$ cat model.cif   # mmCIF, C-alpha atoms
data_protein
#
loop_
_atom_site.group_PDB
_atom_site.id
_atom_site.type_symbol
_atom_site.label_atom_id
_atom_site.label_comp_id
_atom_site.auth_asym_id
_atom_site.auth_seq_id
_atom_site.Cartn_x
_atom_site.Cartn_y
_atom_site.Cartn_z
ATOM 1 C CA MET V 1 19.407 -10.877 31.314
ATOM 2 C CA SER V 2 19.763 -13.207 28.337
ATOM 3 C CA ALA V 3 17.190 -15.556 29.865
ATOM 4 C CA ALA V 4 14.717 -12.680 30.274
ATOM 5 C CA TRP V 5 15.330 -11.575 26.681
ATOM 6 C CA GLY V 6 14.796 -15.128 25.457
ATOM 7 C CA THR V 7 11.532 -15.398 27.401
ATOM 8 C CA ALA V 8 10.287 -12.087 26.002
ATOM 9 C CA TRP V 9 11.213 -13.169 22.483
ATOM 10 C CA LYS V 10 9.344 -16.469 22.841
ATOM 11 C CA GLN V 11 6.277 -14.629 24.115
ATOM 12 C CA HIS V 12 6.409 -12.229 21.158
ATOM 13 C CA VAL V 13 6.710 -15.091 18.668
ATOM 14 C CA SER V 14 3.858 -16.984 20.314
ATOM 15 C CA VAL V 15 1.632 -13.892 20.105
ATOM 16 C CA CYS V 16 2.445 -13.491 16.408
ATOM 17 C CA PHE V 17 1.446 -17.065 15.600
ATOM 18 C CA LEU V 18 -1.453 -17.342 18.045
ATOM 19 C CA PRO V 19 -4.690 -17.430 16.015
ATOM 20 C CA PRO V 20 -7.576 -15.274 17.237
ATOM 21 C CA ARG V 21 -10.803 -16.776 18.491
ATOM 22 C CA PHE V 22 -12.997 -17.544 15.492
ATOM 23 C CA GLU V 23 -16.124 -16.449 17.366
ATOM 24 C CA ASP V 24 -14.673 -12.964 17.851
ATOM 25 C CA VAL V 25 -13.586 -12.645 14.214
ATOM 26 C CA GLN V 26 -16.634 -14.017 12.428
ATOM 27 C CA ALA V 27 -18.975 -11.700 14.333
ATOM 28 C CA LEU V 28 -17.503 -8.721 12.429
ATOM 29 C CA TYR V 29 -18.439 -9.843 8.926
ATOM 30 C CA CYS V 30 -21.393 -10.785 6.744
ATOM 31 C CA LYS V 31 -22.963 -14.235 6.700
ATOM 32 C CA ARG V 32 -21.891 -14.944 3.116
ATOM 33 C CA SER V 33 -18.987 -13.507 1.177
ATOM 34 C CA LEU V 34 -19.361 -13.192 -2.600
ATOM 35 C CA PHE V 35 -22.802 -14.822 -2.116
ATOM 36 C CA ILE V 36 -21.020 -18.188 -1.921
ATOM 37 C CA PHE V 37 -18.871 -18.678 1.177
ATOM 38 C CA SER V 38 -20.708 -18.949 4.486
ATOM 39 C CA LYS V 39 -19.009 -18.432 7.840
ATOM 40 C CA SER V 40 -19.015 -22.169 8.471
ATOM 41 C CA CYS V 41 -17.383 -22.872 5.105
ATOM 42 C CA PHE V 42 -13.929 -24.361 5.688
ATOM 43 C CA PRO V 43 -11.963 -22.130 3.224
ATOM 44 C CA ARG V 44 -13.522 -18.924 4.538
ATOM 45 C CA ARG V 45 -13.084 -20.012 8.147
ATOM 46 C CA GLN V 46 -9.370 -20.636 7.608
ATOM 47 C CA LEU V 47 -8.895 -17.396 5.673
ATOM 48 C CA LEU V 48 -10.611 -15.398 8.418
ATOM 49 C CA LEU V 49 -8.154 -16.801 10.942
ATOM 50 C CA LEU V 50 -5.182 -16.353 8.595
ATOM 51 C CA THR V 51 -5.889 -12.724 7.669
ATOM 52 C CA HIS V 52 -6.285 -11.775 11.335
ATOM 53 C CA LEU V 53 -3.045 -13.487 12.313
ATOM 54 C CA ARG V 54 -0.311 -11.121 13.447
ATOM 55 C CA ALA V 55 2.323 -13.128 11.583
ATOM 56 C CA PHE V 56 0.362 -12.623 8.346
ATOM 57 C CA GLU V 57 0.550 -8.837 8.737
ATOM 58 C CA ILE V 58 4.278 -9.041 9.484
ATOM 59 C CA LEU V 59 4.756 -11.127 6.339
ATOM 60 C CA ILE V 60 2.911 -8.524 4.235
ATOM 61 C CA LEU V 61 4.966 -5.682 5.746
ATOM 62 C CA THR V 62 8.184 -7.580 5.026
ATOM 63 C CA ALA V 63 7.098 -8.166 1.420
ATOM 64 C CA ILE V 64 6.321 -4.457 0.988
ATOM 65 C CA ALA V 65 9.724 -3.495 2.412
ATOM 66 C CA VAL V 66 11.576 -5.899 0.100
ATOM 67 C CA ASN V 67 9.497 -4.695 -2.860
ATOM 68 C CA CYS V 68 10.516 -1.112 -2.069
ATOM 69 C CA VAL V 69 14.165 -2.163 -2.355
ATOM 70 C CA THR V 70 13.602 -3.846 -5.733
ATOM 71 C CA LEU V 71 11.715 -0.793 -7.016
ATOM 72 C CA ALA V 72 14.611 1.431 -5.936
ATOM 73 C CA LEU V 73 17.015 -0.739 -7.956
ATOM 74 C CA GLU V 74 15.062 -0.220 -11.174
ATOM 75 C CA SER V 75 16.016 2.410 -13.730
ATOM 76 C CA ASN V 76 14.386 4.095 -16.714
ATOM 77 C CA ALA V 77 17.690 4.255 -18.565
ATOM 78 C CA PRO V 78 17.480 3.046 -22.186
ATOM 79 C CA GLY V 79 18.206 -0.670 -22.443
ATOM 80 C CA PHE V 80 18.081 -1.292 -18.678
ATOM 81 C CA ARG V 81 15.197 -3.766 -18.933
ATOM 82 C CA GLU V 82 17.280 -5.854 -21.366
ATOM 83 C CA THR V 83 20.159 -6.190 -18.898
ATOM 84 C CA GLN V 84 20.466 -9.169 -16.556
ATOM 85 C CA LEU V 85 19.534 -7.050 -13.527
ATOM 86 C CA GLY V 86 16.551 -5.571 -15.352
ATOM 87 C CA ARG V 87 15.228 -9.005 -16.327
ATOM 88 C CA GLN V 88 15.663 -10.332 -12.799
ATOM 89 C CA LEU V 89 13.861 -7.320 -11.316
ATOM 90 C CA GLN V 90 11.005 -7.789 -13.766
ATOM 91 C CA LYS V 91 10.589 -11.432 -12.696
ATOM 92 C CA ILE V 92 10.681 -10.385 -9.048
ATOM 93 C CA ASP V 93 7.998 -7.785 -9.778
ATOM 94 C CA TYR V 94 5.767 -10.539 -11.180
ATOM 95 C CA VAL V 95 6.235 -12.511 -7.961
ATOM 96 C CA PHE V 96 5.327 -9.549 -5.752
ATOM 97 C CA LEU V 97 2.313 -8.701 -7.898
ATOM 98 C CA ALA V 98 1.037 -12.272 -7.611
ATOM 99 C CA PHE V 99 1.697 -12.215 -3.848
ATOM 100 C CA PHE V 100 -0.261 -8.985 -3.301
ATOM 101 C CA THR V 101 -3.051 -10.277 -5.546
ATOM 102 C CA LEU V 102 -3.360 -13.406 -3.408
ATOM 103 C CA GLU V 103 -3.480 -11.245 -0.286
ATOM 104 C CA ALA V 104 -6.374 -9.224 -1.725
ATOM 105 C CA MET V 105 -8.204 -12.382 -2.832
ATOM 106 C CA PHE V 106 -7.800 -13.981 0.593
ATOM 107 C CA LYS V 107 -9.253 -10.907 2.302
ATOM 108 C CA ILE V 108 -12.124 -10.589 -0.171
ATOM 109 C CA VAL V 109 -13.138 -14.216 0.425
ATOM 110 C CA ALA V 110 -12.769 -13.786 4.183
ATOM 111 C CA MET V 111 -14.461 -10.388 4.549
ATOM 112 C CA GLY V 112 -16.749 -10.134 1.517
ATOM 113 C CA LEU V 113 -16.399 -7.674 -1.342
ATOM 114 C CA VAL V 114 -18.540 -4.567 -0.956
ATOM 115 C CA MET V 115 -22.254 -5.161 -0.372
ATOM 116 C CA ALA V 116 -22.385 -5.684 3.404
ATOM 117 C CA PRO V 117 -20.883 -3.551 6.210
ATOM 118 C CA ASN V 118 -17.231 -4.217 7.131
ATOM 119 C CA THR V 119 -16.554 -5.803 3.753
ATOM 120 C CA TYR V 120 -13.253 -5.356 1.963
ATOM 121 C CA LEU V 121 -13.985 -2.380 -0.284
ATOM 122 C CA ARG V 122 -15.964 -0.559 2.414
ATOM 123 C CA ASN V 123 -12.577 0.364 3.870
ATOM 124 C CA GLY V 124 -10.868 3.202 2.010
ATOM 125 C CA TRP V 125 -7.410 1.838 2.844
ATOM 126 C CA ASN V 126 -8.292 -1.444 1.123
ATOM 127 C CA VAL V 127 -9.444 0.514 -1.933
ATOM 128 C CA LEU V 128 -5.952 2.035 -2.004
ATOM 129 C CA ASP V 129 -4.450 -1.464 -1.889
ATOM 130 C CA VAL V 130 -6.609 -2.664 -4.787
ATOM 131 C CA ALA V 131 -5.818 0.453 -6.830
ATOM 132 C CA ILE V 132 -2.068 -0.047 -6.396
ATOM 133 C CA VAL V 133 -2.332 -3.723 -7.365
ATOM 134 C CA GLY V 134 -4.431 -2.755 -10.383
ATOM 135 C CA ILE V 135 -1.814 -0.196 -11.453
ATOM 136 C CA GLY V 136 0.743 -2.996 -11.296
ATOM 137 C CA TYR V 137 -1.283 -5.103 -13.750
ATOM 138 C CA ILE V 138 -1.864 -2.180 -16.112
ATOM 139 C CA SER V 139 1.842 -1.298 -16.104
ATOM 140 C CA LEU V 140 2.680 -4.881 -17.120
ATOM 141 C CA GLY V 141 0.278 -4.805 -20.056
ATOM 142 C CA GLY V 142 1.332 -4.413 -23.648
ATOM 143 C CA PHE V 143 0.437 -0.748 -24.022
ATOM 144 C CA ALA V 144 2.302 1.775 -26.141
ATOM 145 C CA ASN V 145 3.507 3.969 -23.307
ATOM 146 C CA VAL V 146 3.333 2.741 -19.728
ATOM 147 C CA THR V 147 6.323 4.655 -18.333
ATOM 148 C CA ALA V 148 4.105 6.882 -16.220
ATOM 149 C CA LEU V 149 2.135 3.873 -14.949
ATOM 150 C CA ARG V 150 5.343 2.076 -14.034
ATOM 151 C CA GLY V 151 6.311 5.169 -12.077
ATOM 152 C CA LEU V 152 3.048 4.868 -10.138
ATOM 153 C CA ARG V 153 4.342 1.587 -8.713
ATOM 154 C CA SER V 154 6.329 3.786 -6.364
ATOM 155 C CA LEU V 155 3.008 4.180 -4.510
ATOM 156 C CA ARG V 156 3.411 0.646 -3.139
ATOM 157 C CA PRO V 157 5.172 1.862 0.037
ATOM 158 C CA LEU V 158 1.886 3.608 0.867
ATOM 159 C CA ARG V 159 0.501 0.155 1.614
ATOM 160 C CA THR V 160 2.445 0.224 4.868
ATOM 161 C CA ILE V 161 -0.052 2.847 6.052
ATOM 162 C CA THR V 162 -2.837 0.282 5.900
ATOM 163 C CA ARG V 163 -0.866 -2.096 8.133
ATOM 164 C CA ILE V 164 0.239 0.247 10.934
ATOM 165 C CA LYS V 165 -2.570 1.740 13.016
ATOM 166 C CA GLU V 166 -0.507 4.706 14.234
ATOM 167 C CA MET V 167 0.315 5.726 10.650
ATOM 168 C CA LYS V 168 -3.347 5.451 9.676
ATOM 169 C CA ASP V 169 -4.267 7.752 12.569
ATOM 170 C CA ILE V 170 -1.674 10.339 11.498
ATOM 171 C CA VAL V 171 -2.763 10.318 7.837
ATOM 172 C CA SER V 172 -6.446 10.468 8.809
ATOM 173 C CA ALA V 173 -5.731 13.464 11.047
ATOM 174 C CA LEU V 174 -3.867 15.229 8.227
ATOM 175 C CA ILE V 175 -6.727 14.613 5.787
ATOM 176 C CA ALA V 176 -9.289 15.818 8.331
ATOM 177 C CA SER V 177 -7.296 19.032 8.869
ATOM 178 C CA ILE V 178 -7.278 19.988 5.160
ATOM 179 C CA PRO V 179 -10.625 21.895 5.232
ATOM 180 C CA ALA V 180 -9.444 23.944 8.216
ATOM 181 C CA LEU V 181 -6.192 24.762 6.387
ATOM 182 C CA GLY V 182 -7.952 25.938 3.222
ATOM 183 C CA ASP V 183 -7.330 29.640 3.909
ATOM 184 C CA VAL V 184 -3.665 28.995 4.669
ATOM 185 C CA MET V 185 -3.251 26.987 1.456
ATOM 186 C CA LEU V 186 -4.890 29.796 -0.559
ATOM 187 C CA LEU V 187 -2.572 32.377 1.007
ATOM 188 C CA MET V 188 0.495 30.234 0.273
ATOM 189 C CA PHE V 189 -0.678 29.793 -3.334
ATOM 190 C CA ILE V 190 -0.953 33.564 -3.749
ATOM 191 C CA TYR V 191 2.517 34.121 -2.276
ATOM 192 C CA PHE V 192 4.135 31.434 -4.433
ATOM 193 C CA SER V 193 2.404 32.770 -7.552
ATOM 194 C CA MET V 194 3.451 36.336 -6.791
ATOM 195 C CA PHE V 195 7.117 35.502 -6.219
ATOM 196 C CA GLY V 196 7.110 33.141 -9.211
ATOM 197 C CA ILE V 197 5.873 35.932 -11.505
ATOM 198 C CA MET V 198 8.439 38.338 -10.026
ATOM 199 C CA GLY V 199 11.221 35.820 -10.619
ATOM 200 C CA VAL V 200 10.221 35.313 -14.257
ATOM 201 C CA LEU V 201 10.042 39.067 -14.873
ATOM 202 C CA LEU V 202 13.379 39.835 -13.198
ATOM 203 C CA VAL V 203 15.578 36.983 -14.413
ATOM 204 C CA GLY V 204 13.609 35.719 -17.377
ATOM 205 C CA GLY V 205 16.492 36.531 -19.736
ATOM 206 C CA GLY V 206 18.799 33.953 -18.166
ATOM 207 C CA PRO V 207 21.749 34.271 -15.777
ATOM 208 C CA GLN V 208 23.924 36.161 -18.263
ATOM 209 C CA GLU V 209 21.297 38.683 -19.348
ATOM 210 C CA PRO V 210 18.703 39.406 -16.644
ATOM 211 C CA LEU V 211 15.825 41.510 -17.914
ATOM 212 C CA TRP V 212 16.142 44.092 -15.171
ATOM 213 C CA LEU V 213 19.582 45.262 -16.410
ATOM 214 C CA PRO V 214 19.526 48.365 -18.631
#
$ encode --input "model.cif" --output "structure tokens"
Amino acid sequence: MSAAWGTAWKQHVSVCFLPPRFEDVQALYCKRSLFIFSKSCFPRRQLLLLTHLRAFEILILTAIAVNCVTLALESNAPGFRETQLGRQLQKIDYVFLAFFTLEAMFKIVAMGLVMAPNTYLRNGWNVLDVAIVGIGYISLGGFANVTALRGLRSLRPLRTITRIKEMKDIVSALIASIPALGDVMLLMFIYFSMFGIMGVLLVGGGPQEPLWLP
């Protein structure tokens, strides 16, 4: 049984690191990306193969998972960012931001930006990726109040949706069902509003002095 498990593991590893056929990949994208890099250009050719490598997607998923752990360790407590842990987490955040920026740049060079079909920003999931990376840069800027923007970094786990096809199908189905659920959402809004108003009127005086007592 151990031999069979070892064989299956080797096959899985070989599939992860097996590059796709360049002819199959390049047929999906425009002739020139960013009006500079042709399909025969060596950097774009290598980036096309790299970004379609299964191991590359696994690496990105692993980075997202580790980044979720570091985000969970952060705190908004006063003085936390001056502690040793806070400083280390801030440095790690810089590393992850640079890593995700490189990923986006690699895919933009490989796929093209937005003008032609199948380019990077023609995919709504990639727009989500760019928006989350952009929020990371804004939150690191020297603005007066970026607490809310730092909180938006918690959206980074959403990037896993763009990597797992089954999750993309589920989210797409939920979004497509929203128009059909409009009446239900309106009814729920009315019910919540009604009971909220009743609660304020009945116990608006606090637990010791409810308004409905004589």
$ atom_distance --input "model.cif" --atom1 "atom CA of Leu53 of chain V" --atom2 "atom CA of Leu89 of chain V"
29.7 Å
$ resolve_selection --input "model.cif" --expression "the PyMOL selection byres ((chain V and resi 30-34) around 12)" --output "mmCIF file with C-alpha atoms, keeping the file's coordinate frame"
data_model
loop_
_atom_site.group_PDB
_atom_site.id
_atom_site.type_symbol
_atom_site.label_atom_id
_atom_site.label_comp_id
_atom_site.auth_asym_id
_atom_site.auth_seq_id
_atom_site.Cartn_x
_atom_site.Cartn_y
_atom_site.Cartn_z
ATOM 1 C CA VAL V 25 -13.586 -12.645 14.214
ATOM 2 C CA GLN V 26 -16.634 -14.017 12.428
ATOM 3 C CA ALA V 27 -18.975 -11.700 14.333
ATOM 4 C CA LEU V 28 -17.503 -8.721 12.429
ATOM 5 C CA TYR V 29 -18.439 -9.843 8.926
ATOM 6 C CA PHE V 35 -22.802 -14.822 -2.116
ATOM 7 C CA ILE V 36 -21.020 -18.188 -1.921
ATOM 8 C CA PHE V 37 -18.871 -18.678 1.177
ATOM 9 C CA SER V 38 -20.708 -18.949 4.486
ATOM 10 C CA LYS V 39 -19.009 -18.432 7.840
ATOM 11 C CA SER V 40 -19.015 -22.169 8.471
ATOM 12 C CA CYS V 41 -17.383 -22.872 5.105
ATOM 13 C CA PRO V 43 -11.963 -22.130 3.224
ATOM 14 C CA ARG V 44 -13.522 -18.924 4.538
ATOM 15 C CA ARG V 45 -13.084 -20.012 8.147
ATOM 16 C CA LEU V 47 -8.895 -17.396 5.673
ATOM 17 C CA LEU V 48 -10.611 -15.398 8.418
ATOM 18 C CA MET V 105 -8.204 -12.382 -2.832
ATOM 19 C CA PHE V 106 -7.800 -13.981 0.593
ATOM 20 C CA LYS V 107 -9.253 -10.907 2.302
ATOM 21 C CA ILE V 108 -12.124 -10.589 -0.171
ATOM 22 C CA VAL V 109 -13.138 -14.216 0.425
ATOM 23 C CA ALA V 110 -12.769 -13.786 4.183
ATOM 24 C CA MET V 111 -14.461 -10.388 4.549
ATOM 25 C CA GLY V 112 -16.749 -10.134 1.517
ATOM 26 C CA LEU V 113 -16.399 -7.674 -1.342
ATOM 27 C CA VAL V 114 -18.540 -4.567 -0.956
ATOM 28 C CA MET V 115 -22.254 -5.161 -0.372
ATOM 29 C CA ALA V 116 -22.385 -5.684 3.404
ATOM 30 C CA PRO V 117 -20.883 -3.551 6.210
ATOM 31 C CA ASN V 118 -17.231 -4.217 7.131
ATOM 32 C CA THR V 119 -16.554 -5.803 3.753
ATOM 33 C CA TYR V 120 -13.253 -5.356 1.963
#
$ atom_distance --input "model.cif" --atom1 "atom CA of Met167 of chain V" --atom2 "atom CA of Phe56 of chain V"
18.5 Å
$ closest_residue --input "model.cif" --among "V:Ala180, V:Leu174, V:Leu97, V:Leu121" --to "Gly136 of chain V" --atoms "all atoms listed in the file"
V:Leu97
$ resolve_selection --input "model.cif" --expression "the PyMOL selection byres ((chain V and resi 64) around 10)" --output "PyMOL selection string"
chain V and resi 58-63+65-70+96+100+156-160
$ closest_residue --input "model.cif" --among "V:Phe192, V:Phe99, V:Tyr94, V:Trp125" --to "Leu140 of chain V" --atoms "only C-alpha atoms"
V:Tyr94
$ atom_distance --input "model.cif" --atom1 "atom CA of Gly134 of chain V" --atom2 "atom CA of Gly79 of chain V"
25.7 Å
$ build_atoms --input "model.cif" --residues "segment 173-184 of chain V" --atoms "all heavy atoms" --output "mmCIF file, in the frame of the given file"
data_model
loop_
_atom_site.group_PDB
_atom_site.id
_atom_site.type_symbol
_atom_site.label_atom_id
_atom_site.label_comp_id
_atom_site.auth_asym_id
_atom_site.auth_seq_id
_atom_site.Cartn_x
_atom_site.Cartn_y
_atom_site.Cartn_z
ATOM 1 N N ALA V 173 -5.709 12.141 10.429
ATOM 2 C CA ALA V 173 -5.731 13.464 11.047
ATOM 3 C C ALA V 173 -5.305 14.550 10.059
ATOM 4 O O ALA V 173 -5.887 15.639 10.032
ATOM 5 C CB ALA V 173 -4.817 13.478 12.268
ATOM 6 N N LEU V 174 -4.307 14.256 9.230
ATOM 7 C CA LEU V 174 -3.867 15.229 8.227
ATOM 8 C C LEU V 174 -4.969 15.502 7.207
ATOM 9 O O LEU V 174 -5.207 16.658 6.824
ATOM 10 C CB LEU V 174 -2.611 14.719 7.516
ATOM 11 C CG LEU V 174 -1.317 14.722 8.341
ATOM 12 C CD1 LEU V 174 -0.195 14.046 7.560
ATOM 13 C CD2 LEU V 174 -0.910 16.148 8.694
ATOM 14 N N ILE V 175 -5.646 14.434 6.762
ATOM 15 C CA ILE V 175 -6.727 14.613 5.787
ATOM 16 C C ILE V 175 -7.875 15.403 6.402
ATOM 17 O O ILE V 175 -8.464 16.277 5.756
ATOM 18 C CB ILE V 175 -7.202 13.244 5.281
ATOM 19 C CG1 ILE V 175 -6.085 12.559 4.480
ATOM 20 C CG2 ILE V 175 -8.452 13.389 4.418
ATOM 21 C CD1 ILE V 175 -6.405 11.143 4.051
ATOM 22 N N ALA V 176 -8.189 15.106 7.670
ATOM 23 C CA ALA V 176 -9.289 15.818 8.331
ATOM 24 C C ALA V 176 -8.969 17.288 8.544
ATOM 25 O O ALA V 176 -9.874 18.127 8.637
ATOM 26 C CB ALA V 176 -9.595 15.150 9.676
ATOM 27 N N SER V 177 -7.681 17.634 8.619
ATOM 28 C CA SER V 177 -7.296 19.032 8.869
ATOM 29 C C SER V 177 -7.251 19.871 7.589
ATOM 30 O O SER V 177 -7.103 21.094 7.671
ATOM 31 C CB SER V 177 -5.919 19.082 9.544
ATOM 32 O OG SER V 177 -4.906 18.605 8.675
ATOM 33 N N ILE V 178 -7.383 19.238 6.415
ATOM 34 C CA ILE V 178 -7.278 19.988 5.160
ATOM 35 C C ILE V 178 -8.349 21.074 5.037
ATOM 36 O O ILE V 178 -8.031 22.216 4.660
ATOM 37 C CB ILE V 178 -7.324 19.014 3.963
ATOM 38 C CG1 ILE V 178 -6.008 18.215 3.891
ATOM 39 C CG2 ILE V 178 -7.550 19.773 2.648
ATOM 40 C CD1 ILE V 178 -5.978 17.176 2.795
ATOM 41 N N PRO V 179 -9.637 20.798 5.344
ATOM 42 C CA PRO V 179 -10.625 21.895 5.232
ATOM 43 C C PRO V 179 -10.296 23.094 6.120
ATOM 44 O O PRO V 179 -10.480 24.240 5.698
ATOM 45 C CB PRO V 179 -11.936 21.219 5.675
ATOM 46 C CG PRO V 179 -11.728 19.777 5.399
ATOM 47 C CD PRO V 179 -10.281 19.522 5.680
ATOM 48 N N ALA V 180 -9.778 22.842 7.322
ATOM 49 C CA ALA V 180 -9.444 23.944 8.216
ATOM 50 C C ALA V 180 -8.231 24.734 7.728
ATOM 51 O O ALA V 180 -8.060 25.895 8.082
ATOM 52 C CB ALA V 180 -9.186 23.409 9.627
ATOM 53 N N LEU V 181 -7.388 24.099 6.908
ATOM 54 C CA LEU V 181 -6.192 24.762 6.387
ATOM 55 C C LEU V 181 -6.420 25.368 5.002
ATOM 56 O O LEU V 181 -5.456 25.796 4.364
ATOM 57 C CB LEU V 181 -5.039 23.751 6.310
ATOM 58 C CG LEU V 181 -4.538 23.183 7.641
ATOM 59 C CD1 LEU V 181 -3.498 22.111 7.393
ATOM 60 C CD2 LEU V 181 -3.965 24.289 8.510
ATOM 61 N N GLY V 182 -7.669 25.414 4.553
ATOM 62 C CA GLY V 182 -7.952 25.938 3.222
ATOM 63 C C GLY V 182 -7.493 27.369 3.035
ATOM 64 O O GLY V 182 -6.887 27.716 2.004
ATOM 65 N N ASP V 183 -7.745 28.236 4.019
ATOM 66 C CA ASP V 183 -7.330 29.640 3.909
ATOM 67 C C ASP V 183 -5.815 29.765 3.856
ATOM 68 O O ASP V 183 -5.272 30.584 3.105
ATOM 69 C CB ASP V 183 -7.880 30.445 5.086
ATOM 70 C CG ASP V 183 -9.399 30.495 5.075
ATOM 71 O OD1 ASP V 183 -9.978 30.341 3.978
ATOM 72 O OD2 ASP V 183 -9.995 30.690 6.143
ATOM 73 N N VAL V 184 -5.133 28.952 4.669
ATOM 74 C CA VAL V 184 -3.665 28.995 4.669
ATOM 75 C C VAL V 184 -3.120 28.543 3.319
ATOM 76 O O VAL V 184 -2.186 29.146 2.772
ATOM 77 C CB VAL V 184 -3.112 28.114 5.811
ATOM 78 C CG1 VAL V 184 -1.588 28.100 5.787
ATOM 79 C CG2 VAL V 184 -3.613 28.612 7.164
#
